[in-house]
Amino acid sequence: MAMQEAEPSLMLTDAPGDRAQAVIREGLADYNLAQAGYRDARPLAVLISDPETRKVIGGLLGRTSMGLLFIDLFFLPESLRQQGIGSRVIRTAEQEAIRRGCSRAILFTVTFQAPGFYERQGYQVLGRIECDPPGHTRICMTKKLEPTPSPPL
């Protein structure tokens, strides 16, 4: 009589440990390396600090991988909006992504967040998904990345 193999167990959690996250991250990185022949995933952050306290008060968190810049989170305090700082943060992230070999950026925003801001930065709507709170939409946006021309000497 053949022994039956035990099935792997599943655990749902909102607090995976560092080791569990590393197993998943490294497993995917190894798979991507085997398929694509290279591994280039790296975190990317642009931090905004208070000039007096030097404490981080906002910024952008993302990552680059296989030719894409993923903008995961971007927060700019209300007091700093409409001053060009947000545009500088986006340009800084995009230029670093280009330096890393990326040709496109992708992000998600919600209708009550900043889709107009991203459109002004050159992002285009790729798709829309209805979401909560009712009456709002999550928007997937993308942009072709191009190096900023150097100023004339």
# chains A, B, ... in the order shown; residues from 1 in each chain; ligands from 1
>>> closest_atom_pairs(of="range 60-118 of chain A", to="range 33-42 of chain A", cutoff="9 Å", atoms="only C-alpha atoms", output="JSON lines")
{"residue": "A:Gly62", "atom": "CA", "partner": "A:Arg42", "partner_atom": "CA", "distance": 8.8}
{"residue": "A:Arg63", "atom": "CA", "partner": "A:Arg42", "partner_atom": "CA", "distance": 5.5}
{"residue": "A:Thr64", "atom": "CA", "partner": "A:Arg42", "partner_atom": "CA", "distance": 5.4}
{"residue": "A:Ser65", "atom": "CA", "partner": "A:Ala41", "partner_atom": "CA", "distance": 4.2}
{"residue": "A:Met66", "atom": "CA", "partner": "A:Asp40", "partner_atom": "CA", "distance": 6.4}
{"residue": "A:Gly67", "atom": "CA", "partner": "A:Asp40", "partner_atom": "CA", "distance": 8.8}
{"residue": "A:Arg100", "atom": "CA", "partner": "A:Asp40", "partner_atom": "CA", "distance": 8.6}
>>> residues_around(residues="Cys131 in chain A", least_positions_apart="5", cutoff="12 Å", atoms="only C-alpha atoms", output="list in words")
Thr109, Val110, Thr111, Phe112, His136, Thr137, Arg138 and Ile139 of chain A
>>> select_by_dssp(residues="range 29-115 of chain A", states="helix (DSSP H, G or I)", output="compact mmCIF listing (two decimals) with C-alpha atoms, in the first residue's frame")
# COMPACT_ATOMS: atom_id res chain seq x y z
CA ALA A 29 13.95 36.19 -7.66
CA ASP A 30 15.52 32.75 -8.29
CA TYR A 31 12.67 31.81 -10.65
CA ASN A 32 12.98 35.11 -12.53
CA LEU A 33 16.74 34.61 -12.81
CA ALA A 34 16.21 31.15 -14.31
CA GLN A 35 13.65 32.49 -16.79
CA ALA A 36 15.07 35.91 -17.70
CA GLU A 78 -0.90 68.97 2.48
CA SER A 79 1.33 71.93 3.46
CA LEU A 80 3.85 71.00 0.73
CA ILE A 85 7.85 69.27 -4.69
CA GLY A 86 5.69 66.33 -5.77
CA SER A 87 6.84 66.75 -9.36
CA ARG A 88 10.46 66.79 -8.19
CA VAL A 89 9.93 63.59 -6.21
CA ILE A 90 8.41 61.82 -9.23
CA ARG A 91 11.17 63.06 -11.57
CA THR A 92 13.86 61.95 -9.11
CA ALA A 93 12.37 58.43 -8.92
CA GLU A 94 11.93 58.24 -12.69
CA GLN A 95 15.47 59.39 -13.44
CA GLU A 96 16.90 56.80 -11.03
CA ALA A 97 14.69 54.15 -12.66
CA ILE A 98 16.04 55.14 -16.09
CA ARG A 99 19.57 54.92 -14.70
CA PRO A 115 -4.94 60.95 -10.63
>>> select_by_dssp(residues="chain A", states="strand (DSSP E or B)", output="ChimeraX atom specification")
/A:42-49,56-65,68-75,104-110,124-131,136-144
>>> closest_residue(among="A:Pro147, A:Gly116, A:Gly58, A:Pro77", to="Gly101 in chain A", atoms="only C-alpha atoms")
A:Pro147
>>> atom_distance(atom1="CA of Val46 in chain A", atom2="CA of Leu76 in chain A")
11.2 Å
>>> residues_around(residues="Asp72 in chain A", least_positions_apart="2", cutoff="10 Å", atoms="only C-alpha atoms", output="tab-separated table (two decimals) with N, CA and C atoms, in the first residue's frame")
chain	number	residue	atom	x	y	z
A	44	LEU	N	13.41	51.34	-4.15
A	44	LEU	CA	13.71	52.73	-4.52
A	44	LEU	C	12.85	53.62	-3.63
A	45	ALA	N	13.46	54.61	-3.02
A	45	ALA	CA	12.72	55.55	-2.18
A	45	ALA	C	13.24	56.96	-2.42
A	60	LEU	N	8.23	58.95	-1.48
A	60	LEU	CA	7.80	57.90	-2.41
A	60	LEU	C	8.53	56.61	-2.08
A	61	LEU	N	7.79	55.51	-2.05
A	61	LEU	CA	8.36	54.18	-1.89
A	61	LEU	C	8.00	53.37	-3.13
A	62	GLY	N	8.99	52.71	-3.68
A	62	GLY	CA	8.75	51.91	-4.86
A	62	GLY	C	9.85	50.89	-5.04
A	63	ARG	N	9.95	50.41	-6.27
A	63	ARG	CA	10.96	49.41	-6.59
A	63	ARG	C	11.14	49.38	-8.09
A	69	LEU	N	9.54	50.60	-13.27
A	69	LEU	CA	9.51	51.31	-12.00
A	69	LEU	C	8.10	51.12	-11.45
A	70	PHE	N	8.01	50.53	-10.27
A	70	PHE	CA	6.73	50.39	-9.57
A	70	PHE	C	6.68	51.47	-8.50
A	74	PHE	N	3.07	56.96	-2.29
A	74	PHE	CA	3.58	58.32	-2.42
A	74	PHE	C	2.72	59.21	-1.55
A	106	ILE	N	4.80	52.27	-13.48
A	106	ILE	CA	3.42	51.87	-13.26
A	106	ILE	C	3.04	52.19	-11.82
A	107	LEU	N	1.79	52.57	-11.60
A	107	LEU	CA	1.29	52.88	-10.26
A	107	LEU	C	-0.21	52.68	-10.21
A	108	PHE	N	-0.73	52.62	-8.99
A	108	PHE	CA	-2.16	52.61	-8.74
A	108	PHE	C	-2.49	53.82	-7.88
A	109	THR	N	-3.59	54.47	-8.18
A	109	THR	CA	-4.10	55.56	-7.36
A	109	THR	C	-5.61	55.39	-7.28
